[in-house]
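Chemist: This is the content of work_36.pdb (PDB, C-alpha atoms, pLDDT in the B column):
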```pdb
ATOM      1  CA  MET A   1      11.338 -31.728  -7.130  1.00 45.00           C
ATOM      2  CA  ARG A   2      10.897 -34.251  -9.873  1.00 52.00           C
ATOM      3  CA  ASN A   3      13.543 -34.947 -12.514  1.00 53.00           C
ATOM      4  CA  ILE A   4      12.559 -34.112 -16.062  1.00 53.00           C
ATOM      5  CA  THR A   5      13.161 -37.040 -18.363  1.00 53.00           C
ATOM      6  CA  ALA A   6      13.111 -37.446 -22.119  1.00 47.00           C
ATOM      7  CA  LYS A   7       9.772 -39.255 -21.819  1.00 49.00           C
ATOM      8  CA  SER A   8       8.172 -36.180 -20.250  1.00 50.00           C
ATOM      9  CA  ILE A   9       9.813 -33.673 -22.628  1.00 56.00           C
ATOM     10  CA  ILE A  10       8.777 -35.393 -25.879  1.00 56.00           C
ATOM     11  CA  PRO A  11       4.997 -34.816 -25.405  1.00 53.00           C
ATOM     12  CA  ILE A  12       5.653 -31.142 -24.594  1.00 53.00           C
ATOM     13  CA  ILE A  13       7.802 -30.647 -27.701  1.00 56.00           C
ATOM     14  CA  THR A  14       5.230 -32.477 -29.819  1.00 52.00           C
ATOM     15  CA  ALA A  15       2.432 -30.256 -28.489  1.00 51.00           C
ATOM     16  CA  LEU A  16       4.447 -27.091 -29.186  1.00 48.00           C
ATOM     17  CA  CYS A  17       5.211 -28.246 -32.734  1.00 51.00           C
ATOM     18  CA  ALA A  18       1.559 -29.056 -33.371  1.00 47.00           C
ATOM     19  CA  TYR A  19       0.537 -25.624 -32.071  1.00 42.00           C
ATOM     20  CA  SER A  20       3.085 -23.786 -34.203  1.00 45.00           C
ATOM     21  CA  CYS A  21       1.911 -25.669 -37.304  1.00 46.00           C
ATOM     22  CA  SER A  22      -1.689 -24.722 -36.594  1.00 40.00           C
ATOM     23  CA  VAL A  23      -1.024 -20.981 -36.268  1.00 41.00           C
ATOM     24  CA  ALA A  24      -2.928 -19.271 -39.062  1.00 45.00           C
ATOM     25  CA  HIS A  25      -1.025 -17.722 -41.937  1.00 70.00           C
ATOM     26  CA  ASN A  26      -2.120 -16.398 -45.288  1.00 68.00           C
ATOM     27  CA  ASP A  27      -0.092 -18.597 -47.629  1.00 84.00           C
ATOM     28  CA  PHE A  28      -2.160 -20.590 -50.102  1.00 85.00           C
ATOM     29  CA  SER A  29      -1.407 -23.239 -52.726  1.00 89.00           C
ATOM     30  CA  GLN A  30      -3.629 -25.221 -55.059  1.00 93.00           C
ATOM     31  CA  PHE A  31      -3.111 -27.259 -58.233  1.00 95.00           C
ATOM     32  CA  HIS A  32      -5.648 -28.270 -60.879  1.00 96.00           C
ATOM     33  CA  ASP A  33      -5.285 -31.328 -63.069  1.00 96.00           C
ATOM     34  CA  ILE A  34      -5.612 -30.691 -66.793  1.00 97.00           C
ATOM     35  CA  ASP A  35      -7.733 -33.190 -68.704  1.00 94.00           C
ATOM     36  CA  SER A  36      -5.710 -35.661 -70.760  1.00 93.00           C
ATOM     37  CA  ASP A  37      -7.656 -34.525 -73.854  1.00 96.00           C
ATOM     38  CA  GLY A  38      -5.986 -31.124 -73.487  1.00 97.00           C
ATOM     39  CA  TRP A  39      -6.596 -27.652 -72.124  1.00 97.00           C
ATOM     40  CA  ALA A  40      -9.112 -25.809 -74.319  1.00 97.00           C
ATOM     41  CA  TYR A  41      -8.813 -22.059 -74.844  1.00 96.00           C
ATOM     42  CA  THR A  42     -12.254 -21.549 -73.309  1.00 95.00           C
ATOM     43  CA  ASP A  43     -11.441 -23.571 -70.160  1.00 96.00           C
ATOM     44  CA  THR A  44     -10.605 -21.212 -67.324  1.00 97.00           C
ATOM     45  CA  LEU A  45      -9.033 -22.726 -64.219  1.00 97.00           C
ATOM     46  CA  VAL A  46     -10.478 -21.166 -61.078  1.00 96.00           C
ATOM     47  CA  PHE A  47      -8.505 -21.127 -57.826  1.00 94.00           C
ATOM     48  CA  THR A  48     -10.372 -19.996 -54.722  1.00 89.00           C
ATOM     49  CA  PRO A  49      -8.011 -18.953 -51.930  1.00 86.00           C
ATOM     50  CA  GLU A  50      -8.864 -19.681 -48.342  1.00 83.00           C
ATOM     51  CA  ILE A  51      -6.860 -17.343 -46.141  1.00 80.00           C
ATOM     52  CA  PRO A  52      -7.534 -16.313 -42.531  1.00 79.00           C
ATOM     53  CA  ASP A  53      -7.305 -12.561 -43.193  1.00 77.00           C
ATOM     54  CA  THR A  54      -9.903 -10.795 -45.301  1.00 75.00           C
ATOM     55  CA  THR A  55      -7.138  -9.474 -47.544  1.00 77.00           C
ATOM     56  CA  ALA A  56      -3.437 -10.304 -47.607  1.00 83.00           C
ATOM     57  CA  THR A  57      -0.597  -8.850 -49.656  1.00 85.00           C
ATOM     58  CA  GLY A  58       2.010 -11.017 -51.267  1.00 87.00           C
ATOM     59  CA  ARG A  59       3.401 -12.676 -54.374  1.00 91.00           C
ATOM     60  CA  LEU A  60       1.549 -14.982 -56.723  1.00 92.00           C
ATOM     61  CA  ILE A  61       3.572 -17.865 -58.125  1.00 94.00           C
ATOM     62  CA  LEU A  62       2.311 -19.933 -61.050  1.00 96.00           C
ATOM     63  CA  SER A  63       3.575 -23.451 -61.656  1.00 96.00           C
ATOM     64  CA  VAL A  64       3.069 -25.539 -64.762  1.00 97.00           C
ATOM     65  CA  ARG A  65       3.647 -29.282 -64.974  1.00 96.00           C
ATOM     66  CA  HIS A  66       4.043 -30.799 -68.426  1.00 97.00           C
ATOM     67  CA  ASP A  67       5.323 -33.972 -70.001  1.00 96.00           C
ATOM     68  CA  ASN A  68       8.126 -34.548 -72.482  1.00 94.00           C
ATOM     69  CA  GLU A  69       5.680 -34.536 -75.414  1.00 96.00           C
ATOM     70  CA  TYR A  70       4.686 -30.867 -75.026  1.00 96.00           C
ATOM     71  CA  PRO A  71       5.273 -29.559 -78.569  1.00 96.00           C
ATOM     72  CA  TYR A  72       6.151 -25.905 -77.828  1.00 96.00           C
ATOM     73  CA  SER A  73       8.976 -24.088 -76.090  1.00 96.00           C
ATOM     74  CA  ASN A  74       6.664 -21.800 -74.140  1.00 97.00           C
ATOM     75  CA  LEU A  75       3.179 -21.442 -72.681  1.00 98.00           C
ATOM     76  CA  TRP A  76       1.317 -18.142 -72.508  1.00 98.00           C
ATOM     77  CA  VAL A  77      -1.276 -17.782 -69.726  1.00 98.00           C
ATOM     78  CA  GLU A  78      -3.559 -15.016 -68.587  1.00 97.00           C
ATOM     79  CA  VAL A  79      -4.056 -14.519 -64.841  1.00 96.00           C
ATOM     80  CA  ARG A  80      -7.024 -12.542 -63.523  1.00 95.00           C
ATOM     81  CA  THR A  81      -7.218 -11.499 -59.888  1.00 90.00           C
ATOM     82  CA  ILE A  82      -9.865  -9.448 -58.148  1.00 81.00           C
ATOM     83  CA  ARG A  83      -8.673  -6.467 -56.134  1.00 77.00           C
ATOM     84  CA  PRO A  84     -10.196  -5.551 -52.760  1.00 73.00           C
ATOM     85  CA  ASP A  85     -12.179  -2.761 -54.523  1.00 79.00           C
ATOM     86  CA  SER A  86     -13.773  -5.485 -56.757  1.00 79.00           C
ATOM     87  CA  SER A  87     -11.931  -4.400 -59.910  1.00 86.00           C
ATOM     88  CA  GLU A  88     -10.063  -7.037 -61.920  1.00 89.00           C
ATOM     89  CA  GLN A  89      -6.337  -7.063 -62.607  1.00 90.00           C
ATOM     90  CA  THR A  90      -5.091  -9.065 -65.595  1.00 94.00           C
ATOM     91  CA  ASP A  91      -1.511 -10.233 -66.040  1.00 94.00           C
ATOM     92  CA  THR A  92       0.060 -12.323 -68.780  1.00 94.00           C
ATOM     93  CA  VAL A  93       2.838 -14.798 -68.110  1.00 95.00           C
ATOM     94  CA  ASN A  94       5.062 -16.371 -70.744  1.00 96.00           C
ATOM     95  CA  PHE A  95       6.490 -19.598 -69.370  1.00 94.00           C
ATOM     96  CA  LEU A  96       9.735 -20.281 -71.243  1.00 96.00           C
ATOM     97  CA  LEU A  97       9.651 -24.056 -70.901  1.00 96.00           C
ATOM     98  CA  ALA A  98      12.572 -24.928 -73.177  1.00 95.00           C
ATOM     99  CA  ASN A  99      15.714 -23.317 -74.537  1.00 95.00           C
ATOM    100  CA  PRO A 100      16.212 -22.801 -78.317  1.00 94.00           C
ATOM    101  CA  TYR A 101      17.736 -26.298 -78.532  1.00 93.00           C
ATOM    102  CA  GLY A 102      14.695 -28.002 -77.013  1.00 91.00           C
ATOM    103  CA  ARG A 103      16.139 -28.670 -73.555  1.00 93.00           C
ATOM    104  CA  TRP A 104      13.491 -28.280 -70.824  1.00 93.00           C
ATOM    105  CA  HIS A 105      14.103 -25.604 -68.190  1.00 93.00           C
ATOM    106  CA  GLY A 106      11.926 -27.138 -65.482  1.00 91.00           C
ATOM    107  CA  GLN A 107      12.794 -29.612 -62.785  1.00 91.00           C
ATOM    108  CA  GLY A 108      11.401 -33.103 -62.829  1.00 86.00           C
ATOM    109  CA  PHE A 109      11.699 -36.848 -62.938  1.00 82.00           C
ATOM    110  CA  GLY A 110      11.734 -38.868 -66.128  1.00 82.00           C
ATOM    111  CA  ALA A 111       9.527 -37.307 -68.765  1.00 91.00           C
ATOM    112  CA  ARG A 112       7.676 -34.839 -66.486  1.00 94.00           C
ATOM    113  CA  TYR A 113       8.757 -31.300 -65.654  1.00 96.00           C
ATOM    114  CA  GLN A 114       7.637 -28.411 -63.478  1.00 96.00           C
ATOM    115  CA  LEU A 115       8.480 -24.762 -63.938  1.00 95.00           C
ATOM    116  CA  SER A 116       7.358 -21.873 -61.737  1.00 95.00           C
ATOM    117  CA  ASP A 117       7.211 -18.139 -62.368  1.00 94.00           C
ATOM    118  CA  THR A 118       6.317 -15.268 -60.039  1.00 93.00           C
ATOM    119  CA  LEU A 119       4.111 -12.376 -61.110  1.00 91.00           C
ATOM    120  CA  PRO A 120       6.230  -9.215 -61.230  1.00 88.00           C
ATOM    121  CA  ARG A 121       3.998  -7.250 -58.866  1.00 88.00           C
ATOM    122  CA  THR A 122       2.733  -7.645 -55.347  1.00 88.00           C
ATOM    123  CA  ILE A 123      -0.976  -8.394 -55.203  1.00 85.00           C
ATOM    124  CA  ALA A 124      -3.687  -8.102 -52.601  1.00 83.00           C
ATOM    125  CA  LEU A 125      -5.442 -11.448 -52.418  1.00 81.00           C
ATOM    126  CA  THR A 126      -8.925 -11.522 -50.942  1.00 78.00           C
ATOM    127  CA  ASP A 127     -10.300 -14.578 -49.158  1.00 76.00           C
ATOM    128  CA  SER A 128     -12.729 -16.601 -51.299  1.00 77.00           C
ATOM    129  CA  LEU A 129     -12.401 -14.339 -54.371  1.00 83.00           C
ATOM    130  CA  PRO A 130     -11.144 -16.355 -57.337  1.00 90.00           C
ATOM    131  CA  VAL A 131      -7.868 -16.283 -59.203  1.00 93.00           C
ATOM    132  CA  LYS A 132      -8.612 -17.278 -62.799  1.00 95.00           C
ATOM    133  CA  VAL A 133      -6.053 -18.712 -65.224  1.00 97.00           C
ATOM    134  CA  ARG A 134      -6.454 -19.640 -68.884  1.00 97.00           C
ATOM    135  CA  HIS A 135      -4.004 -20.308 -71.656  1.00 98.00           C
ATOM    136  CA  ILE A 136      -3.738 -17.744 -74.434  1.00 98.00           C
ATOM    137  CA  MET A 137      -1.801 -19.740 -76.984  1.00 97.00           C
ATOM    138  CA  ARG A 138      -2.611 -19.382 -80.694  1.00 96.00           C
ATOM    139  CA  ILE A 139      -4.218 -22.818 -80.817  1.00 96.00           C
ATOM    140  CA  ASP A 140      -7.552 -23.870 -79.356  1.00 97.00           C
ATOM    141  CA  THR A 141      -6.396 -26.843 -77.289  1.00 98.00           C
ATOM    142  CA  VAL A 142      -3.004 -27.246 -75.654  1.00 98.00           C
ATOM    143  CA  ARG A 143      -1.982 -30.837 -75.026  1.00 98.00           C
ATOM    144  CA  HIS A 144       0.584 -32.396 -72.674  1.00 97.00           C
ATOM    145  CA  ILE A 145       0.074 -29.869 -69.874  1.00 97.00           C
ATOM    146  CA  GLU A 146      -0.721 -32.017 -66.845  1.00 96.00           C
ATOM    147  CA  GLN A 147      -1.291 -29.546 -64.020  1.00 96.00           C
ATOM    148  CA  LEU A 148      -1.303 -25.849 -63.303  1.00 97.00           C
ATOM    149  CA  GLY A 149      -0.934 -24.449 -59.832  1.00 96.00           C
ATOM    150  CA  VAL A 150      -1.161 -21.179 -57.988  1.00 95.00           C
ATOM    151  CA  THR A 151       0.806 -20.437 -54.838  1.00 92.00           C
ATOM    152  CA  PHE A 152       0.338 -17.252 -52.837  1.00 90.00           C
ATOM    153  CA  VAL A 153       3.110 -16.275 -50.437  1.00 89.00           C
ATOM    154  CA  THR A 154       2.524 -13.356 -48.111  1.00 86.00           C
ATOM    155  CA  THR A 155       5.172 -10.679 -47.858  1.00 80.00           C
ATOM    156  CA  ASP A 156       6.601  -9.212 -44.674  1.00 63.00           C
ATOM    157  CA  ASP A 157       5.194  -5.752 -45.367  1.00 53.00           C
ATOM    158  CA  ASN A 158       1.630  -6.705 -44.326  1.00 45.00           C
TER     159      ASN A 158
END
```
Have the structure of the file written as structure tokens, please.
Modeler:
Amino acid sequence: MRNITAKSIIPIITALCAYSCSVAHNDFSQFHDIDSDGWAYTDTLVFTPEIPDTTATGRLILSVRHDNEYPYSNLWVEVRTIRPDSSEQTDTVNFLLANPYGRWHGQGFGARYQLSDTLPRTIALTDSLPVKVRHIMRIDTVRHIEQLGVTFVTTDDN
């Protein structure tokens, strides 16, 4: 019988790690850059999930990245998702980006910050059906928002 050495174990461990990373799951994440001219009220960001299952249930997390020059303490967004029965569900999210004294809540380096918020309900996300996000602030164009992202994390009750 041959002795097993570290040189023969490493390729096996590497292959097992590669396999476990390639196992399909339904989590999804995507960010969109916002134009440096600003985010217009009429500009809807469209995120198209690619998940292995036809429909998965989980939590939708929104993340906003802004710079130090953002002039407001919050950002209102509208999130539209399509249910498996083809009806639309609309949620509004109020990102509280700063406290009353102007200190940013988000994490970041230098003059850039990121803050995330989870929708309060579980949603059924359908493969290739869009998640649409637009700002609903009282001004036409919001400036100093750099990126907006959507992350979908499946729940254990699937």
Chemist: Starting from the PyMOL selection byres ((chain A and resi 71) around 10), expand the selection into actual residues of this file and give them as a PyMOL selection string.
Modeler: chain A and resi 67-70+72-74+102+142-144
Chemist: Kindly assemble as JSON lines a list of the region 9-93 of chain A residues that lie within 6 Å of region 127-134 of chain A, each paired with its nearest atom pair and their distance in Å to one decimal, using all atoms listed in the file, sorted first by chain and then by ascending residue number.
Modeler:
```
{"residue": "A:Thr44", "atom": "CA", "partner": "A:Arg134", "partner_atom": "CA", "distance": 4.7}
{"residue": "A:Leu45", "atom": "CA", "partner": "A:Val133", "partner_atom": "CA", "distance": 5.1}
{"residue": "A:Val46", "atom": "CA", "partner": "A:Lys132", "partner_atom": "CA", "distance": 4.6}
{"residue": "A:Phe47", "atom": "CA", "partner": "A:Val131", "partner_atom": "CA", "distance": 5.1}
{"residue": "A:Thr48", "atom": "CA", "partner": "A:Pro130", "partner_atom": "CA", "distance": 4.5}
{"residue": "A:Pro49", "atom": "CA", "partner": "A:Ser128", "partner_atom": "CA", "distance": 5.3}
{"residue": "A:Glu50", "atom": "CA", "partner": "A:Asp127", "partner_atom": "CA", "distance": 5.4}
{"residue": "A:Ile51", "atom": "CA", "partner": "A:Asp127", "partner_atom": "CA", "distance": 5.3}
{"residue": "A:Thr54", "atom": "CA", "partner": "A:Asp127", "partner_atom": "CA", "distance": 5.4}
{"residue": "A:Val77", "atom": "CA", "partner": "A:Arg134", "partner_atom": "CA", "distance": 5.6}
{"residue": "A:Glu78", "atom": "CA", "partner": "A:Arg134", "partner_atom": "CA", "distance": 5.5}
{"residue": "A:Val79", "atom": "CA", "partner": "A:Val133", "partner_atom": "CA", "distance": 4.7}
{"residue": "A:Arg80", "atom": "CA", "partner": "A:Lys132", "partner_atom": "CA", "distance": 5.0}
{"residue": "A:Thr81", "atom": "CA", "partner": "A:Val131", "partner_atom": "CA", "distance": 4.9}
```
Chemist: Would you compute the distance between CA of Ile145 (chain A) and CA of Thr90 (chain A)? Give it in Å to one decimal.
Modeler: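 For CA of Ile145 (chain A) relative to CA of Thr90 (chain A), the distance reads 21.9 Å.
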Chemist: List the residues selected by the PyMOL selection byres ((chain A and resi 107-113) around 12) in the file shown, writing them as number ranges by chain.
Modeler: A: 63-70, 97-98, 103-106, 114-116, 144-148
Chemist: Would you compute the distance between CA of Thr42 (chain A) and CA of Met137 (chain A)? Give it in Å to one decimal.
Modeler: 11.2 Å
Chemist: Pick out the closest residue to Gln30 (chain A) from this set: A:Pro120, A:Asn99, A:Arg138, A:Gly149. Count all atoms listed in the file.
Modeler: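 The answer is A:Gly149, which sits nearest to Gln30 (chain A).
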Chemist: When you look at Thr118 (chain A) with a cut-off of 9 Å (counting all atoms listed in the file), what residues show up, excluding the ones that are within fewer than 4 positions of it in the same chain? I need them as a ChimeraX atom specification.
Modeler: /A:59-63,93
Chemist: For the structure shown, which residues end up in the PyMOL selection byres ((chain A and resi 53) around 12)? Put them as a ChimeraX atom specification, please?
Modeler: /A:24-28,49-52,54-57,124-128,154,158
Chemist: So the first atom is CA of Gly58 (chain A) and the second is CA of His135 (chain A); what is the distance between them in Å, to one decimal place?
Modeler: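 Taking CA of Gly58 (chain A) and CA of His135 (chain A), their separation equals 23.2 Å.
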Chemist: Extending 4 Å beyond the listed atoms of region 33-37 of chain A on each side, what axis-aligned box results? I want centre and edge lengths in Å to one decimal, as JSON.
Modeler:
```
{"center_x": -6.5, "center_y": -33.2, "center_z": -68.5, "size_x": 10.4, "size_y": 13.0, "size_z": 18.8}
```
Chemist: Is it possible to get the residues within 8 Å of (-10.7, -20.9, -76.1) (coordinates as in the file, counting all atoms listed in the file) written as a list in words?
Modeler: Ala40, Tyr41, Thr42, Asp43, Ile136, Asp140 and Thr141 of chain A
Chemist: Please extract region 51-152 of chain A and write it out with C-alpha atoms, as a compact mmCIF listing (two decimals), in the first residue's frame.
Modeler:
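What ended up in part.txt:
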```
# COMPACT_ATOMS: atom_id res chain seq x y z
CA ILE A 51 -30.67 31.81 -10.38
CA PRO A 52 -30.65 28.04 -11.01
CA ASP A 53 -34.18 27.45 -9.69
CA THR A 54 -37.20 28.81 -11.51
CA THR A 55 -38.30 30.56 -8.33
CA ALA A 56 -36.49 30.97 -5.01
CA THR A 57 -37.63 32.49 -1.73
CA GLY A 58 -35.43 34.77 0.28
CA ARG A 59 -34.51 38.28 1.38
CA LEU A 60 -33.72 41.21 -0.86
CA ILE A 61 -30.97 43.52 0.37
CA LEU A 62 -30.40 46.93 -1.20
CA SER A 63 -27.05 48.67 -0.93
CA VAL A 64 -26.30 52.28 -1.77
CA ARG A 65 -22.82 53.71 -2.25
CA HIS A 66 -22.43 57.48 -2.04
CA ASP A 67 -19.70 60.03 -1.58
CA ASN A 68 -19.15 62.62 1.13
CA GLU A 69 -20.81 65.34 -0.99
CA TYR A 70 -24.28 63.75 -0.93
CA PRO A 71 -26.42 66.69 0.27
CA TYR A 72 -29.22 64.81 2.08
CA SER A 73 -29.49 62.63 5.16
CA ASN A 74 -31.61 60.00 3.44
CA LEU A 75 -32.48 58.43 0.10
CA TRP A 76 -35.95 57.15 -0.77
CA VAL A 77 -36.14 54.35 -3.36
CA GLU A 78 -38.94 52.33 -4.85
CA VAL A 79 -38.34 48.62 -5.48
CA ARG A 80 -40.57 46.66 -7.86
CA THR A 81 -40.41 42.88 -8.03
CA ILE A 82 -42.48 40.52 -10.12
CA ARG A 83 -44.19 37.67 -8.29
CA PRO A 84 -44.38 34.15 -9.75
CA ASP A 85 -48.04 34.86 -10.73
CA SER A 86 -46.75 37.83 -12.85
CA SER A 87 -48.20 40.49 -10.54
CA GLU A 88 -45.91 43.29 -9.34
CA GLN A 89 -45.03 44.03 -5.73
CA THR A 90 -43.81 47.53 -4.87
CA ASP A 91 -41.85 48.40 -1.74
CA THR A 92 -40.38 51.71 -0.62
CA VAL A 93 -37.12 51.94 1.29
CA ASN A 94 -35.90 54.99 3.18
CA PHE A 95 -32.13 54.77 3.53
CA LEU A 96 -31.17 56.83 6.58
CA LEU A 97 -27.67 57.73 5.42
CA ALA A 98 -26.76 60.23 8.14
CA ASN A 99 -27.73 61.05 11.70
CA PRO A 100 -29.26 64.47 12.61
CA TYR A 101 -25.72 65.84 13.10
CA GLY A 102 -24.59 64.90 9.60
CA ARG A 103 -22.47 61.88 10.53
CA TRP A 104 -22.72 59.12 7.89
CA HIS A 105 -24.12 55.77 9.03
CA GLY A 106 -22.51 53.66 6.31
CA GLN A 107 -19.17 51.94 6.24
CA GLY A 108 -16.44 53.09 3.93
CA PHE A 109 -13.00 54.42 3.17
CA GLY A 110 -12.18 58.10 2.88
CA ALA A 111 -15.07 60.03 1.41
CA ARG A 112 -17.11 57.04 0.16
CA TYR A 113 -19.73 55.12 2.12
CA GLN A 114 -21.97 52.10 1.70
CA LEU A 115 -25.17 51.36 3.56
CA SER A 116 -27.40 48.31 3.14
CA ASP A 117 -31.01 47.69 4.10
CA THR A 118 -33.12 44.53 3.87
CA LEU A 119 -36.72 44.56 2.65
CA PRO A 120 -38.99 43.68 5.58
CA ARG A 121 -40.66 40.76 3.82
CA THR A 122 -39.56 37.54 2.23
CA ILE A 123 -39.91 37.57 -1.54
CA ALA A 124 -40.14 34.96 -4.25
CA LEU A 125 -37.57 35.84 -6.89
CA THR A 126 -38.05 34.40 -10.35
CA ASP A 127 -35.12 33.69 -12.66
CA SER A 128 -34.68 36.32 -15.39
CA LEU A 129 -37.61 38.49 -14.21
CA PRO A 130 -36.36 41.98 -13.35
CA VAL A 131 -36.07 43.78 -10.05
CA LYS A 132 -36.53 47.49 -10.77
CA VAL A 133 -35.26 50.30 -8.54
CA ARG A 134 -35.70 54.06 -8.90
CA HIS A 135 -35.27 56.95 -6.53
CA ILE A 136 -38.39 58.74 -5.35
CA MET A 137 -36.83 61.84 -3.86
CA ARG A 138 -38.57 65.21 -4.25
CA ILE A 139 -35.98 66.42 -6.75
CA ASP A 140 -35.53 65.31 -10.34
CA THR A 141 -31.86 64.35 -10.23
CA VAL A 142 -29.99 63.01 -7.22
CA ARG A 143 -26.25 63.61 -7.30
CA HIS A 144 -23.35 61.94 -5.47
CA ILE A 145 -24.89 58.46 -5.46
CA GLU A 146 -22.22 56.28 -7.06
CA GLN A 147 -23.72 52.80 -7.12
CA LEU A 148 -26.83 50.91 -6.15
CA GLY A 149 -26.88 47.18 -5.67
CA VAL A 150 -29.31 44.37 -5.10
CA THR A 151 -28.41 41.19 -3.25
CA PHE A 152 -30.78 38.25 -2.96
```
